[in-house]
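Listing of structure-v9.tsv, TSV, C-alpha atoms
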```tsv
chain	number	residue	atom	x	y	z
A	3	MET	CA	81.81	88.38	118.15
A	4	GLY	CA	83.83	85.23	117.88
A	5	LEU	CA	87.30	84.33	119.17
A	6	VAL	CA	89.11	81.66	117.16
A	7	ILE	CA	92.16	80.06	118.80
A	8	CYS	CA	94.49	78.30	116.36
A	9	PRO	CA	97.42	75.97	117.15
A	10	ASP	CA	100.05	78.31	115.72
A	11	ALA	CA	100.66	81.39	113.58
A	12	ASP	CA	100.54	79.49	110.28
A	13	ASN	CA	97.13	78.06	111.09
A	14	ALA	CA	95.90	81.50	112.08
A	15	ALA	CA	97.12	82.88	108.75
A	16	MET	CA	95.32	80.08	106.89
A	17	ARG	CA	92.06	80.91	108.69
A	18	LEU	CA	92.45	84.53	107.63
A	19	THR	CA	93.23	83.44	104.06
A	20	GLU	CA	90.01	81.46	103.91
A	21	TRP	CA	87.94	84.42	105.13
A	22	ILE	CA	89.35	86.74	102.49
A	23	GLU	CA	89.08	84.14	99.72
A	24	GLN	CA	85.46	83.32	100.50
A	25	ALA	CA	84.55	87.00	100.79
A	26	VAL	CA	86.02	87.78	97.35
A	27	LEU	CA	84.39	84.74	95.76
A	28	ALA	CA	81.03	85.76	97.22
A	29	LYS	CA	81.39	89.41	96.22
A	30	PRO	CA	83.93	90.07	93.43
A	31	ARG	CA	83.55	93.84	93.91
A	32	LEU	CA	84.54	93.55	97.54
A	33	VAL	CA	85.94	96.64	99.28
A	34	LEU	CA	88.78	95.52	101.53
A	35	GLY	CA	90.66	97.23	104.31
A	36	LEU	CA	94.10	95.67	104.68
A	37	ALA	CA	97.08	96.06	107.01
A	38	CYS	CA	100.72	94.97	106.97
A	39	GLY	CA	102.44	92.52	109.28
A	40	ARG	CA	104.28	89.22	109.37
A	41	THR	CA	101.23	86.97	109.81
A	42	LEU	CA	99.20	89.04	107.38
A	43	GLY	CA	102.01	88.69	104.85
A	44	THR	CA	101.76	84.90	105.21
A	45	ALA	CA	98.04	85.11	104.45
A	46	TYR	CA	98.64	87.30	101.39
A	47	SER	CA	101.26	84.86	100.08
A	48	GLU	CA	98.78	82.00	100.43
A	49	LEU	CA	96.12	84.03	98.61
A	50	VAL	CA	98.59	84.57	95.76
A	51	LYS	CA	99.11	80.78	95.55
A	52	ARG	CA	95.38	80.16	95.51
A	53	TYR	CA	94.86	82.83	92.87
A	54	HIS	CA	97.35	81.14	90.53
A	55	ALA	CA	95.88	77.70	91.26
A	56	SER	CA	92.23	78.64	90.65
A	57	SER	CA	90.44	80.10	87.68
A	58	ASP	CA	87.59	81.25	89.93
A	59	LEU	CA	89.53	83.48	92.33
A	60	THR	CA	90.08	86.95	90.94
A	61	PHE	CA	90.85	90.32	92.54
A	62	ARG	CA	90.32	92.27	89.33
A	63	HIS	CA	87.13	93.93	90.55
A	64	ALA	CA	88.10	94.32	94.21
A	65	THR	CA	89.04	97.62	95.83
A	66	CYS	CA	91.57	97.85	98.66
A	67	PHE	CA	92.31	100.54	101.23
A	68	ASN	CA	95.34	100.08	103.44
A	69	THR	CA	94.94	101.10	107.04
A	70	ASP	CA	98.15	103.12	107.35
A	71	GLU	CA	101.42	104.40	105.95
A	72	PHE	CA	104.57	105.82	107.55
A	73	LEU	CA	104.98	109.58	107.49
A	74	GLY	CA	107.75	110.86	105.24
A	75	VAL	CA	108.31	107.50	103.52
A	76	HIS	CA	108.04	107.38	99.72
A	77	PRO	CA	105.83	104.62	98.22
A	78	ASP	CA	108.85	103.12	96.41
A	79	ASP	CA	110.81	102.81	99.66
A	80	PRO	CA	111.06	99.08	100.58
A	81	ARG	CA	110.03	99.99	104.12
A	82	SER	CA	106.72	101.54	103.08
A	83	ALA	CA	103.31	99.92	103.39
A	84	ARG	CA	102.71	100.49	99.66
A	85	TYR	CA	105.89	98.61	98.76
A	86	PHE	CA	104.98	95.77	101.14
A	87	MET	CA	101.51	95.39	99.66
A	88	ASN	CA	102.69	95.66	96.04
A	89	THR	CA	105.43	93.06	96.44
A	90	THR	CA	103.55	90.56	98.61
A	91	PHE	CA	100.06	90.80	97.16
A	92	PHE	CA	98.84	93.44	94.71
A	93	LYS	CA	101.33	92.96	91.85
A	94	LEU	CA	101.35	89.17	92.23
A	95	CYS	CA	97.63	88.88	91.43
A	96	ASP	CA	95.30	90.58	88.98
A	97	PHE	CA	94.52	93.64	91.09
A	98	ARG	CA	94.06	96.86	89.16
A	99	LEU	CA	96.60	99.06	90.91
A	100	GLU	CA	94.33	102.07	90.49
A	101	ASN	CA	91.88	100.25	92.78
A	102	THR	CA	94.49	99.78	95.51
A	103	HIS	CA	94.82	102.72	97.87
A	104	VAL	CA	97.51	103.46	100.43
A	105	PRO	CA	97.82	106.88	102.08
A	106	ARG	CA	100.74	108.97	100.81
A	107	GLY	CA	102.96	109.39	103.82
A	108	ASP	CA	105.12	111.77	101.81
A	109	ALA	CA	102.21	114.00	100.75
A	110	VAL	CA	102.90	117.74	100.76
A	111	ASP	CA	99.55	118.42	102.46
A	112	ILE	CA	98.95	115.64	104.99
A	113	THR	CA	95.63	117.10	106.16
A	114	ALA	CA	94.26	117.12	102.61
A	115	GLU	CA	95.57	113.58	102.05
A	116	CYS	CA	93.71	112.33	105.11
A	117	LYS	CA	90.43	114.04	104.19
A	118	ALA	CA	90.66	112.69	100.65
A	119	TYR	CA	91.27	109.16	101.94
A	120	ASP	CA	88.08	109.19	104.02
A	121	HIS	CA	86.23	110.60	101.00
A	122	TYR	CA	87.48	107.74	98.78
A	123	ILE	CA	86.38	105.15	101.33
A	124	ALA	CA	82.91	106.68	101.55
A	125	ALA	CA	82.65	107.00	97.76
A	126	SER	CA	83.44	103.28	97.46
A	127	GLY	CA	80.50	102.44	99.70
A	128	GLY	CA	82.53	101.78	102.85
A	129	LEU	CA	84.56	98.73	103.77
A	130	ASP	CA	83.06	95.27	103.41
A	131	LEU	CA	85.87	93.45	105.21
A	132	VAL	CA	88.74	95.00	107.13
A	133	VAL	CA	91.72	92.97	108.33
A	134	LEU	CA	93.78	94.26	111.23
A	135	GLY	CA	96.84	93.33	113.22
A	136	LEU	CA	97.22	94.09	116.94
A	137	GLY	CA	100.00	96.28	118.29
A	138	HIS	CA	101.88	95.51	121.49
A	139	ASN	CA	100.14	98.45	123.20
A	140	GLY	CA	96.71	97.57	121.82
A	141	HIS	CA	96.78	99.78	118.74
A	142	VAL	CA	94.96	98.82	115.53
A	143	GLY	CA	96.06	100.42	112.32
A	144	PHE	CA	98.17	103.02	114.05
A	145	ASN	CA	95.36	104.20	116.31
A	146	GLU	CA	97.54	104.58	119.38
A	147	PRO	CA	96.27	104.63	122.99
A	148	GLY	CA	93.96	107.61	123.43
A	149	SER	CA	92.21	107.11	120.07
A	150	THR	CA	88.43	107.30	120.25
A	151	LEU	CA	85.66	105.84	118.13
A	152	ARG	CA	85.16	109.27	116.54
A	153	SER	CA	88.67	109.34	115.08
A	154	LYS	CA	89.06	109.82	111.33
A	155	THR	CA	92.03	109.22	109.02
A	156	ARG	CA	94.77	111.43	110.43
A	157	PRO	CA	98.49	111.72	111.20
A	158	VAL	CA	99.52	110.19	114.53
A	159	GLU	CA	102.70	110.26	116.59
A	160	PHE	CA	104.07	106.89	117.67
A	161	THR	CA	104.35	105.99	121.33
A	162	ALA	CA	107.74	104.87	122.66
A	163	SER	CA	106.61	101.22	122.68
A	164	THR	CA	105.53	101.38	119.03
A	165	MET	CA	108.83	103.01	118.07
A	166	ALA	CA	110.70	100.23	119.85
A	167	ALA	CA	108.66	97.50	118.16
A	168	LEU	CA	109.16	99.02	114.70
A	169	SER	CA	112.91	99.36	115.13
A	170	ASP	CA	113.50	95.66	115.78
A	171	GLY	CA	115.33	95.20	112.48
A	172	SER	CA	112.55	93.57	110.48
A	173	ARG	CA	111.72	96.84	108.71
A	174	PHE	CA	113.71	99.63	110.35
A	175	ARG	CA	117.18	98.84	111.63
A	176	ASP	CA	117.16	101.08	114.68
A	177	LEU	CA	115.44	104.04	116.30
A	178	SER	CA	117.49	106.55	114.34
A	179	GLU	CA	115.86	105.56	111.05
A	180	THR	CA	112.36	104.74	112.35
A	181	PRO	CA	109.66	107.28	111.42
A	182	ASP	CA	108.05	108.97	114.41
A	183	GLY	CA	104.52	108.73	113.04
A	184	ALA	CA	102.10	107.57	110.38
A	185	ILE	CA	98.85	108.29	108.62
A	186	THR	CA	96.25	105.90	109.96
A	187	MET	CA	92.67	105.08	109.07
A	188	GLY	CA	90.50	106.12	112.01
A	189	LEU	CA	88.49	103.91	114.31
A	190	SER	CA	85.28	105.41	112.92
A	191	SER	CA	86.01	103.92	109.47
A	192	LEU	CA	86.90	100.57	111.03
A	193	MET	CA	83.69	100.49	113.06
A	194	GLU	CA	81.64	101.24	109.94
A	195	ALA	CA	83.04	98.18	108.11
A	196	LYS	CA	80.59	95.33	107.64
A	197	HIS	CA	83.03	92.72	109.02
A	198	VAL	CA	86.20	93.28	111.05
A	199	VAL	CA	88.83	90.56	111.47
A	200	LEU	CA	91.67	91.11	113.94
A	201	ILE	CA	94.62	88.71	114.06
A	202	ALA	CA	97.34	88.38	116.68
A	203	THR	CA	100.01	85.70	116.97
A	204	GLY	CA	103.02	84.98	119.15
A	205	ILE	CA	103.77	85.23	122.84
A	206	ALA	CA	104.77	88.88	122.43
A	207	LYS	CA	101.11	89.73	121.73
A	208	ALA	CA	99.72	87.82	124.71
A	209	GLN	CA	99.53	90.85	126.99
A	210	ALA	CA	97.84	92.96	124.32
A	211	VAL	CA	95.23	90.24	123.74
A	212	TYR	CA	94.67	89.98	127.50
A	213	ARG	CA	94.21	93.75	127.85
A	214	MET	CA	91.82	93.81	124.89
A	215	PHE	CA	89.45	91.31	126.51
A	216	GLU	CA	89.95	91.76	130.24
A	217	ARG	CA	89.46	95.52	130.52
A	218	LYS	CA	86.43	97.68	129.96
A	219	PRO	CA	86.53	98.86	126.32
A	220	GLY	CA	88.05	102.31	126.03
A	221	PRO	CA	90.67	104.52	124.38
A	222	SER	CA	93.52	103.26	126.60
A	223	VAL	CA	93.41	99.99	124.62
A	224	PRO	CA	92.11	101.02	121.17
A	225	ALA	CA	91.52	97.42	120.04
A	226	SER	CA	89.13	96.87	122.95
A	227	GLN	CA	86.70	99.33	121.39
A	228	LEU	CA	86.27	96.96	118.45
A	229	LEU	CA	84.44	94.62	120.84
A	230	GLN	CA	81.46	96.91	120.28
A	231	HIS	CA	81.41	96.06	116.57
A	232	PRO	CA	78.42	93.87	115.59
A	233	ASN	CA	80.49	91.58	113.35
A	234	LEU	CA	83.98	91.18	114.82
A	235	SER	CA	86.13	88.06	114.49
A	236	VAL	CA	89.38	87.73	116.45
A	237	VAL	CA	91.92	85.10	115.36
A	238	VAL	CA	94.82	84.25	117.65
A	239	ASP	CA	97.25	81.41	118.10
A	240	ARG	CA	97.74	79.59	121.40
A	241	ASP	CA	100.72	81.72	122.35
A	242	ALA	CA	98.81	84.99	121.88
A	243	ALA	CA	95.86	83.55	123.84
A	244	SER	CA	98.03	82.21	126.68
A	245	SER	CA	97.20	85.02	129.16
A	246	LEU	CA	93.43	84.95	128.64
A	247	GLN	CA	91.35	83.77	131.59
A	248	ASP	CA	87.74	83.09	130.58
A	249	PRO	CA	86.79	85.76	128.04
A	250	ASP	CA	83.07	86.47	127.93
A	251	VAL	CA	82.82	85.65	124.22
A	252	GLU	CA	82.19	82.64	122.03
A	253	VAL	CA	85.47	80.72	121.73
A	254	GLN	CA	86.30	78.28	118.94
A	255	HIS	CA	89.39	76.10	119.13
A	256	VAL	CA	90.78	74.77	115.83
```
Rewrite the coordinates I just gave you, this time as structure tokens.
Amino acid sequence: MGLVICPDADNAAMRLTEWIEQAVLAKPRLVLGLACGRTLGTAYSELVKRYHASSDLTFRHATCFNTDEFLGVHPDDPRSARYFMNTTFFKLCDFRLENTHVPRGDAVDITAECKAYDHYIAASGGLDLVVLGLGHNGHVGFNEPGSTLRSKTRPVEFTASTMAALSDGSRFRDLSETPDGAITMGLSSLMEAKHVVLIATGIAKAQAVYRMFERKPGPSVPASQLLQHPNLSVVVDRDAASSLQDPDVEVQHV
């Protein structure tokens, strides 16, 4: 794997932008796994700019699977992952919306929704490139501590730390209106992707980055298990990398 340390969050987002752009240019029928988040949103906005500035970049033939969605939240709700992806990326480019998939957190039968989601991923040939954020407690997607590499798409209950992070006002105003769980793509699907990119920025993620690299990989820090992936790239800014000692990986400073 490779660890890329960027000067700041914007530079980290630009590195992620370049990875996605080059992957789509190389394989127009790319199958993407995408997540939500502030830095990821910056990357999507830059991709939209590059799409409108270039006649070569197209997402028309790409397929996307989002990693998660809040339970009980309708797709048209501005707080949903579907709404975030539509308004920051999908509807601003030439994606075919029928090729963009986000779990239905408001599905009547959540178990059936989860099984169908894994079926759709498999039927699409699996993920070529999956892009992930890093939670404060080491979660990826919403695979909370305790998640194993055998986990499939499923409903999960948020830990107290995840609830607190989500209720900071950026999406949910307070704990009273924050969902207590989500549908998340499982670690097994993430590990089967051809290339995994994880991005973390800001001093608030420094401890999670430290725990990912400095502990033996295991379910207590779900992101640490991705270190076993044969093609993992981790992109952080200097703040997020500030607690790292000497990680036993190839480090690139940009």
Item to check | Distance query Ser153 (chain A) at most 8 Å, all atoms listed in the file, self and fewer than 6 positions along chain excluded, as a list in words | outcome: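 The residues that qualify are Gly188, Leu189 and Ser190 of chain A.
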Please produce a file of the residues just selected, as a compact mmCIF listing (two decimals), in the frame of the given file, where the atoms kept are C-alpha atoms.
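This went into out_18.txt:
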```txt
# COMPACT_ATOMS: atom_id res chain seq x y z
CA GLY A 188 90.50 106.12 112.01
CA LEU A 189 88.49 103.91 114.31
CA SER A 190 85.28 105.41 112.92
```
Next on the checklist: Could you check the closest approach to Val75 (chain A) for each of A:Met16, A:Leu136, A:Ala28, A:Val110 and tell me which residue wins, using only C-alpha atoms?
Outcome noted: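 Looking only at the distances to Val75 (chain A), the closest residue turns out to be A:Val110.
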Checklist outcome for this item: One decimal place gives the CA of Ala14 (chain A)-CA of Ser82 (chain A) separation as 24.5 Å
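Between CA of Leu129 (chain A) and CA of Ala195 (chain A) the separation is 4.6 Å.
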Counting only C-alpha atoms, select every polymer residue within 9 Å of (92.9, 103.6, 125.4) as defined in the file's coordinates, and provide the selection as a PDB file with C-alpha atoms, in the frame of the given file.
```
ATOM      1  CA  GLY A 140      96.710  97.570 121.820  1.00  0.00           C
ATOM      2  CA  HIS A 141      96.780  99.780 118.740  1.00  0.00           C
ATOM      3  CA  GLU A 146      97.540 104.580 119.380  1.00  0.00           C
ATOM      4  CA  PRO A 147      96.270 104.630 122.990  1.00  0.00           C
ATOM      5  CA  GLY A 148      93.960 107.610 123.430  1.00  0.00           C
ATOM      6  CA  SER A 149      92.210 107.110 120.070  1.00  0.00           C
ATOM      7  CA  THR A 150      88.430 107.300 120.250  1.00  0.00           C
ATOM      8  CA  PRO A 219      86.530  98.860 126.320  1.00  0.00           C
ATOM      9  CA  GLY A 220      88.050 102.310 126.030  1.00  0.00           C
ATOM     10  CA  PRO A 221      90.670 104.520 124.380  1.00  0.00           C
ATOM     11  CA  SER A 222      93.520 103.260 126.600  1.00  0.00           C
ATOM     12  CA  VAL A 223      93.410  99.990 124.620  1.00  0.00           C
ATOM     13  CA  PRO A 224      92.110 101.020 121.170  1.00  0.00           C
ATOM     14  CA  ALA A 225      91.520  97.420 120.040  1.00  0.00           C
ATOM     15  CA  SER A 226      89.130  96.870 122.950  1.00  0.00           C
ATOM     16  CA  GLN A 227      86.700  99.330 121.390  1.00  0.00           C
TER      17      GLN A 227
END
```
Checklist entry - Within 6 Å of region 210-213 of chain A, counting only C-alpha atoms, which residues qualify if same-chain residues fewer than 6 places away don't, as a PyMOL selection string? => result chain A and resi 138+140+245-246
Item to check | Pick from A:Ser244, A:Met87, A:Phe97, A:Asn139 nearest to Ala162 (chain A), counting all atoms listed in the file | outcome: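 Answer, going by the shortest atom-to-atom distance: A:Asn139.
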Checklist entry - What does the distance between CA of Gly4 (chain A) and CA of Gly204 (chain A) come to in Å, to one decimal place? => result 19.2 Å
Proximity check region 159-248 of chain A to region 29-35 of chain A, 12 Å, nearest pairs one decimal Å, all atoms listed in the file, as CSV:
```
residue,atom,partner,partner_atom,distance
A:Thr186,CA,A:Gly35,CA,11.8
A:Met187,CA,A:Gly35,CA,9.4
A:Gly188,CA,A:Gly35,CA,11.8
A:Ser191,CA,A:Gly35,CA,9.6
A:Leu192,CA,A:Gly35,CA,8.4
A:Met193,CA,A:Gly35,CA,11.7
A:Glu194,CA,A:Gly35,CA,11.4
A:Ala195,CA,A:Gly35,CA,8.6
A:Lys196,CA,A:Val33,CA,10.0
A:His197,CA,A:Leu34,CA,9.8
A:Val198,CA,A:Gly35,CA,9.0
A:Val199,CA,A:Gly35,CA,10.0
A:Leu200,CA,A:Gly35,CA,11.5
```
Next on the checklist: Please list, as JSON, numbers by chain, the residues that have an atom at most 10 Å away from (99.4, 89.1, 109.7) in the coordinates of this file, counting all atoms listed in the file.
Outcome noted: {"A": [11, 12, 14, 15, 18, 36, 37, 38, 39, 40, 41, 42, 43, 44, 45, 46, 133, 134, 135, 136, 200, 201, 202, 203]}
Once 3 Å is added on each side, what centre and edge lengths in Å to one decimal does the axis-aligned box around all listed atoms of region 213-232 of chain A have, as JSON?
```
{"center_x": 86.3, "center_y": 97.9, "center_z": 123.1, "size_x": 21.8, "size_y": 19.2, "size_z": 20.9}
```
Checklist entry - Using all atoms listed in the file, which of the listed residues (A:Ser178, A:Thr65, A:Thr102, A:Ser169) sits closest to Ala83 (chain A)? => result A:Thr102
Item to check | Shell around Gly107 (chain A) at 6 Å using only C-alpha atoms, local window under 5 positions removed, as a ChimeraX atom specification | outcome: /A:71-75
Next on the checklist: Let me make sure I understand: among A:Ala118, A:Val50, A:Ala124, A:Leu131, which one has the smallest atom-to-atom distance to Leu94 (chain A) if we use only C-alpha atoms?
Outcome noted: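 The shortest atom-to-atom distance to Leu94 (chain A) comes from A:Val50.
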Give me the region 46-124 of chain A side of the contact with region 20-23 of chain A, cut-off 9 Å, one line per residue showing its nearest atom pair and distance in Å at one decimal, counting all atoms listed in the file, sorted by chain and residue number, as a tab-separated table.
```
residue	atom	partner	partner_atom	distance
A:Leu49	CA	A:Glu23	CA	7.1
A:Arg52	CA	A:Glu23	CA	8.6
A:Leu59	CA	A:Glu23	CA	7.4
```
Next on the checklist: Given all atoms listed in the file as the basis, pick out the residue of A:Arg156, A:Lys207, A:Lys218, A:His63 nearest to Ala114 (chain A).
Outcome noted: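 For Ala114 (chain A), the nearest of the candidates is A:Arg156.
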Could you please fill out region 69-93 of chain A with N, CA and C atoms and send it back as a tab-separated table (two decimals), in the frame of the given file?
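To be explicit, this is the file written out as out_30.tsv:
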```
chain	number	residue	atom	x	y	z
A	69	THR	N	95.29	100.40	105.81
A	69	THR	CA	94.94	101.10	107.04
A	69	THR	C	95.94	102.19	107.41
A	70	ASP	N	97.16	102.14	106.88
A	70	ASP	CA	98.15	103.12	107.35
A	70	ASP	C	99.37	103.18	106.43
A	71	GLU	N	100.14	104.22	106.64
A	71	GLU	CA	101.42	104.40	105.95
A	71	GLU	C	102.32	105.30	106.80
A	72	PHE	N	103.62	105.04	106.77
A	72	PHE	CA	104.57	105.82	107.55
A	72	PHE	C	104.72	107.23	106.99
A	73	LEU	N	104.77	108.19	107.88
A	73	LEU	CA	104.98	109.58	107.49
A	73	LEU	C	106.39	109.78	106.94
A	74	GLY	N	106.46	110.52	105.82
A	74	GLY	CA	107.75	110.86	105.24
A	74	GLY	C	108.40	109.76	104.43
A	75	VAL	N	107.74	108.63	104.25
A	75	VAL	CA	108.31	107.50	103.52
A	75	VAL	C	107.69	107.43	102.13
A	76	HIS	N	108.51	107.42	101.10
A	76	HIS	CA	108.04	107.38	99.72
A	76	HIS	C	107.45	106.00	99.40
A	77	PRO	N	106.43	105.92	98.56
A	77	PRO	CA	105.83	104.62	98.22
A	77	PRO	C	106.81	103.60	97.65
A	78	ASP	N	107.87	104.05	96.98
A	78	ASP	CA	108.85	103.12	96.41
A	78	ASP	C	109.88	102.65	97.43
A	79	ASP	N	109.88	103.21	98.61
A	79	ASP	CA	110.81	102.81	99.66
A	79	ASP	C	110.43	101.40	100.12
A	80	PRO	N	111.37	100.45	100.16
A	80	PRO	CA	111.06	99.08	100.58
A	80	PRO	C	110.47	98.96	101.98
A	81	ARG	N	110.57	100.02	102.76
A	81	ARG	CA	110.03	99.99	104.12
A	81	ARG	C	108.58	100.47	104.19
A	82	SER	N	108.07	100.97	103.08
A	82	SER	CA	106.72	101.54	103.08
A	82	SER	C	105.64	100.46	103.02
A	83	ALA	N	104.45	100.83	103.47
A	83	ALA	CA	103.31	99.92	103.39
A	83	ALA	C	102.94	99.65	101.93
A	84	ARG	N	103.02	100.67	101.09
A	84	ARG	CA	102.71	100.49	99.66
A	84	ARG	C	103.65	99.46	99.04
A	85	TYR	N	104.93	99.55	99.32
A	85	TYR	CA	105.89	98.61	98.76
A	85	TYR	C	105.60	97.19	99.27
A	86	PHE	N	105.29	97.07	100.56
A	86	PHE	CA	104.98	95.77	101.14
A	86	PHE	C	103.77	95.15	100.43
A	87	MET	N	102.72	95.93	100.27
A	87	MET	CA	101.51	95.39	99.66
A	87	MET	C	101.71	95.07	98.19
A	88	ASN	N	102.43	95.93	97.47
A	88	ASN	CA	102.69	95.66	96.04
A	88	ASN	C	103.47	94.38	95.84
A	89	THR	N	104.50	94.17	96.66
A	89	THR	CA	105.43	93.06	96.44
A	89	THR	C	104.98	91.75	97.06
A	90	THR	N	104.04	91.80	98.01
A	90	THR	CA	103.55	90.56	98.61
A	90	THR	C	102.18	90.15	98.10
A	91	PHE	N	101.44	91.11	97.50
A	91	PHE	CA	100.06	90.80	97.16
A	91	PHE	C	99.59	91.44	95.86
A	92	PHE	N	99.51	92.76	95.82
A	92	PHE	CA	98.84	93.44	94.71
A	92	PHE	C	99.41	93.07	93.34
A	93	LYS	N	100.72	93.18	93.17
A	93	LYS	CA	101.33	92.96	91.85
A	93	LYS	C	101.52	91.48	91.52
```
